[in-house]
file my_file-v7.pdb (PDB, C-alpha atoms)
ATOM      1  CA  MET D 217       0.000   0.000   0.000  1.00  0.00           C
ATOM      2  CA  SER D 218       1.369   3.403  -0.914  1.00  0.00           C
ATOM      3  CA  THR D 219       2.057   6.124   1.621  1.00  0.00           C
ATOM      4  CA  ASN D 220      -0.732   8.229   0.100  1.00  0.00           C
ATOM      5  CA  GLU D 221      -3.198   5.347   0.490  1.00  0.00           C
ATOM      6  CA  VAL D 222      -2.153   4.858   4.107  1.00  0.00           C
ATOM      7  CA  MET D 223      -2.608   8.553   4.892  1.00  0.00           C
ATOM      8  CA  THR D 224      -6.021   8.566   3.183  1.00  0.00           C
ATOM      9  CA  ARG D 225      -7.100   5.593   5.278  1.00  0.00           C
ATOM     10  CA  LEU D 226      -5.793   7.204   8.482  1.00  0.00           C
ATOM     11  CA  GLU D 227      -7.635  10.423   7.700  1.00  0.00           C
ATOM     12  CA  ALA D 228     -10.831   8.437   7.060  1.00  0.00           C
ATOM     13  CA  ALA D 229     -10.407   6.676  10.412  1.00  0.00           C
ATOM     14  CA  VAL D 230      -9.912   9.992  12.192  1.00  0.00           C
ATOM     15  CA  SER D 231     -13.014  11.356  10.495  1.00  0.00           C
ATOM     16  CA  ALA D 232     -15.046   8.297  11.476  1.00  0.00           C
ATOM     17  CA  LEU D 233     -13.909   8.553  15.096  1.00  0.00           C
ATOM     18  CA  GLY D 234     -14.722  12.248  15.109  1.00  0.00           C
ATOM     19  CA  ASP D 235     -18.311  11.326  14.313  1.00  0.00           C
ATOM     20  CA  VAL D 236     -18.636   9.107  17.394  1.00  0.00           C
ATOM     21  CA  ASP D 237     -20.621  10.770  20.174  1.00  0.00           C
ATOM     22  CA  VAL D 238     -21.072   8.216  22.923  1.00  0.00           C
ATOM     23  CA  SER D 239     -22.689  10.854  25.136  1.00  0.00           C
ATOM     24  CA  ALA D 240     -25.669  10.804  22.758  1.00  0.00           C
ATOM     25  CA  TRP D 241     -26.141   7.040  23.031  1.00  0.00           C
ATOM     26  CA  PRO D 242     -28.984   5.811  25.214  1.00  0.00           C
ATOM     27  CA  GLU D 243     -27.736   4.161  28.413  1.00  0.00           C
ATOM     28  CA  ALA D 244     -29.108   0.773  27.333  1.00  0.00           C
ATOM     29  CA  THR D 245     -27.266   0.978  24.004  1.00  0.00           C
ATOM     30  CA  LEU D 246     -24.004   1.914  25.685  1.00  0.00           C
ATOM     31  CA  LYS D 247     -24.309  -0.986  28.124  1.00  0.00           C
ATOM     32  CA  GLU D 248     -25.187  -3.338  25.268  1.00  0.00           C
ATOM     33  CA  GLN D 249     -22.205  -2.216  23.157  1.00  0.00           C
ATOM     34  CA  LEU D 250     -19.712  -1.754  26.002  1.00  0.00           C
ATOM     35  CA  GLY D 251     -17.830  -4.996  25.383  1.00  0.00           C
ATOM     36  CA  GLU D 252     -17.328  -4.297  21.691  1.00  0.00           C
ATOM     37  CA  LEU D 253     -16.538  -0.638  22.350  1.00  0.00           C
ATOM     38  CA  SER D 254     -13.951  -1.581  24.976  1.00  0.00           C
ATOM     39  CA  THR D 255     -12.309  -4.074  22.623  1.00  0.00           C
ATOM     40  CA  ALA D 256     -12.181  -1.506  19.825  1.00  0.00           C
ATOM     41  CA  LEU D 257     -10.738   1.194  22.103  1.00  0.00           C
ATOM     42  CA  VAL D 258      -8.070  -1.087  23.576  1.00  0.00           C
ATOM     43  CA  THR D 259      -7.097  -2.307  20.097  1.00  0.00           C
ATOM     44  CA  LEU D 260      -7.000   1.245  18.777  1.00  0.00           C
ATOM     45  CA  ASP D 261      -4.851   2.380  21.706  1.00  0.00           C
ATOM     46  CA  GLY D 262      -2.374  -0.414  21.056  1.00  0.00           C
ATOM     47  CA  LEU D 263      -2.160   0.317  17.338  1.00  0.00           C
ATOM     48  CA  LEU D 264      -1.729   4.063  17.861  1.00  0.00           C
ATOM     49  CA  SER D 265       0.994   3.394  20.437  1.00  0.00           C
ATOM     50  CA  ARG D 266       2.798   1.068  18.022  1.00  0.00           C
ATOM     51  CA  VAL D 267       2.745   3.620  15.199  1.00  0.00           C
ATOM     52  CA  ALA D 268       3.870   6.414  17.532  1.00  0.00           C
ATOM     53  CA  ASP D 269       6.683   4.238  18.910  1.00  0.00           C
ATOM     54  CA  GLU D 270       7.848   3.437  15.368  1.00  0.00           C
ATOM     55  CA  VAL D 271       7.961   7.156  14.525  1.00  0.00           C
ATOM     56  CA  ARG D 272       9.883   7.933  17.729  1.00  0.00           C
ATOM     57  CA  ALA D 273      12.268   5.026  17.088  1.00  0.00           C
ATOM     58  CA  ARG D 274      13.333   6.855  13.923  1.00  0.00           C
ATOM     59  CA  GLY D 275      14.316   9.833  16.035  1.00  0.00           C
ATOM     60  CA  LEU D 276      11.310  11.969  15.149  1.00  0.00           C
ATOM     61  CA  ARG D 277       8.902  13.777  17.445  1.00  0.00           C
ATOM     62  CA  ILE D 278       5.140  13.641  17.360  1.00  0.00           C
ATOM     63  CA  GLU D 279       3.780  17.103  17.934  1.00  0.00           C
ATOM     64  CA  GLU D 280       0.332  18.639  18.058  1.00  0.00           C
ATOM     65  CA  PRO D 281      -0.413  20.708  14.968  1.00  0.00           C
ATOM     66  CA  VAL D 282      -0.279  24.449  15.545  1.00  0.00           C
ATOM     67  CA  SER D 283      -3.666  26.097  14.997  1.00  0.00           C
ATOM     68  CA  ALA D 284      -3.725  28.837  12.390  1.00  0.00           C
TER      69      ALA D 284
END

call {"tool": "encode", "arguments": {"input": "my_file-v7.pdb", "output": "structure tokens"}}
result
Amino acid sequence: MSTNEVMTRLEAAVSALGDVDVSAWPEATLKEQLGELSTALVTLDGLLSRVADEVRARGLRIEEPVSA
């Protein structure tokens, strides 16, 4: 997969996550989906940590973008 394809997929994932508003979910729905949500969040955390560690291992810093 090309670098451009990877970045497009990452941007799509960020966009999809930005659309998640768990505070709007009914309590019953949240309780019903909690196991799957927890699994997804733990997996996501691990993958983000791996990518960040690989960037840092190359001697680069991960910084927050500066707002215009």

call {"tool": "closest_residue", "arguments": {"input": "my_file-v7.pdb", "among": "D:Leu233, D:Val282, D:Arg225, D:Leu276", "to": "Leu257 of chain D", "atoms": "only C-alpha atoms"}}
result
D:Leu233

call {"tool": "atom_distance", "arguments": {"input": "my_file-v7.pdb", "atom1": "atom CA of Ala229 of chain D", "atom2": "atom CA of Leu260 of chain D"}}
result
10.5 Å

call {"tool": "atom_distance", "arguments": {"input": "my_file-v7.pdb", "atom1": "atom CA of Ile278 of chain D", "atom2": "atom CA of Ser254 of chain D"}}
result
25.6 Å

call {"tool": "atom_distance", "arguments": {"input": "my_file-v7.pdb", "atom1": "atom CA of Glu227 of chain D", "atom2": "atom CA of Val267 of chain D"}}
result
14.5 Å

call {"tool": "decode", "arguments": {"input": "my_file-v7.pdb", "residues": "segment 225-258 of chain D", "atoms": "N, CA and C atoms", "output": "CSV table (one decimal), in the first residue's frame"}}
result
chain,number,residue,atom,x,y,z
D,225,ARG,N,-6.4,6.5,4.4
D,225,ARG,CA,-7.1,5.6,5.3
D,225,ARG,C,-7.0,6.1,6.7
D,226,LEU,N,-5.9,6.6,7.1
D,226,LEU,CA,-5.8,7.2,8.5
D,226,LEU,C,-6.7,8.4,8.6
D,227,GLU,N,-6.8,9.3,7.6
D,227,GLU,CA,-7.6,10.4,7.7
D,227,GLU,C,-9.1,10.0,7.7
D,228,ALA,N,-9.5,8.9,7.0
D,228,ALA,CA,-10.8,8.4,7.1
D,228,ALA,C,-11.2,7.9,8.4
D,229,ALA,N,-10.2,7.2,9.1
D,229,ALA,CA,-10.4,6.7,10.4
D,229,ALA,C,-10.6,7.8,11.4
D,230,VAL,N,-9.8,8.8,11.3
D,230,VAL,CA,-9.9,10.0,12.2
D,230,VAL,C,-11.3,10.6,12.0
D,231,SER,N,-11.7,10.8,10.8
D,231,SER,CA,-13.0,11.4,10.5
D,231,SER,C,-14.1,10.5,11.1
D,232,ALA,N,-14.0,9.2,10.9
D,232,ALA,CA,-15.0,8.3,11.5
D,232,ALA,C,-15.1,8.4,13.0
D,233,LEU,N,-13.9,8.4,13.6
D,233,LEU,CA,-13.9,8.6,15.1
D,233,LEU,C,-14.4,9.9,15.6
D,234,GLY,N,-14.2,10.9,14.8
D,234,GLY,CA,-14.7,12.2,15.1
D,234,GLY,C,-16.2,12.3,15.1
D,235,ASP,N,-16.8,11.4,14.4
D,235,ASP,CA,-18.3,11.3,14.3
D,235,ASP,C,-18.9,10.6,15.5
D,236,VAL,N,-18.1,9.9,16.3
D,236,VAL,CA,-18.6,9.1,17.4
D,236,VAL,C,-18.9,10.0,18.6
D,237,ASP,N,-20.2,10.0,19.0
D,237,ASP,CA,-20.6,10.8,20.2
D,237,ASP,C,-21.3,9.8,21.2
D,238,VAL,N,-20.5,9.2,22.0
D,238,VAL,CA,-21.1,8.2,22.9
D,238,VAL,C,-22.0,8.9,23.9
D,239,SER,N,-21.8,10.2,24.2
D,239,SER,CA,-22.7,10.9,25.1
D,239,SER,C,-24.1,10.9,24.6
D,240,ALA,N,-24.3,10.8,23.3
D,240,ALA,CA,-25.7,10.8,22.8
D,240,ALA,C,-26.3,9.4,22.7
D,241,TRP,N,-25.6,8.4,23.1
D,241,TRP,CA,-26.1,7.0,23.0
D,241,TRP,C,-27.0,6.8,24.2
D,242,PRO,N,-28.2,6.2,24.1
D,242,PRO,CA,-29.0,5.8,25.2
D,242,PRO,C,-28.2,4.9,26.1
D,243,GLU,N,-28.5,5.0,27.4
D,243,GLU,CA,-27.7,4.2,28.4
D,243,GLU,C,-27.8,2.7,28.1
D,244,ALA,N,-29.0,2.2,27.7
D,244,ALA,CA,-29.1,0.8,27.3
D,244,ALA,C,-28.2,0.4,26.2
D,245,THR,N,-28.1,1.3,25.2
D,245,THR,CA,-27.3,1.0,24.0
D,245,THR,C,-25.8,0.9,24.4
D,246,LEU,N,-25.4,1.9,25.2
D,246,LEU,CA,-24.0,1.9,25.7
D,246,LEU,C,-23.7,0.6,26.5
D,247,LYS,N,-24.5,0.2,27.4
D,247,LYS,CA,-24.3,-1.0,28.1
D,247,LYS,C,-24.3,-2.2,27.2
D,248,GLU,N,-25.1,-2.2,26.2
D,248,GLU,CA,-25.2,-3.3,25.3
D,248,GLU,C,-23.9,-3.4,24.4
D,249,GLN,N,-23.4,-2.3,24.0
D,249,GLN,CA,-22.2,-2.2,23.2
D,249,GLN,C,-20.9,-2.1,23.9
D,250,LEU,N,-20.9,-2.0,25.2
D,250,LEU,CA,-19.7,-1.8,26.0
D,250,LEU,C,-18.6,-2.7,25.8
D,251,GLY,N,-18.9,-4.0,25.6
D,251,GLY,CA,-17.8,-5.0,25.4
D,251,GLY,C,-17.1,-4.8,24.1
D,252,GLU,N,-17.9,-4.6,23.0
D,252,GLU,CA,-17.3,-4.3,21.7
D,252,GLU,C,-16.6,-3.0,21.7
D,253,LEU,N,-17.2,-2.0,22.3
D,253,LEU,CA,-16.5,-0.6,22.3
D,253,LEU,C,-15.2,-0.7,23.1
D,254,SER,N,-15.2,-1.4,24.2
D,254,SER,CA,-14.0,-1.6,25.0
D,254,SER,C,-12.9,-2.3,24.2
D,255,THR,N,-13.3,-3.3,23.5
D,255,THR,CA,-12.3,-4.1,22.6
D,255,THR,C,-11.8,-3.2,21.5
D,256,ALA,N,-12.6,-2.4,20.9
D,256,ALA,CA,-12.2,-1.5,19.8
D,256,ALA,C,-11.2,-0.4,20.4
D,257,LEU,N,-11.6,0.1,21.5
D,257,LEU,CA,-10.7,1.2,22.1
D,257,LEU,C,-9.4,0.7,22.5
D,258,VAL,N,-9.3,-0.5,23.1
D,258,VAL,CA,-8.1,-1.1,23.6
D,258,VAL,C,-7.2,-1.4,22.4
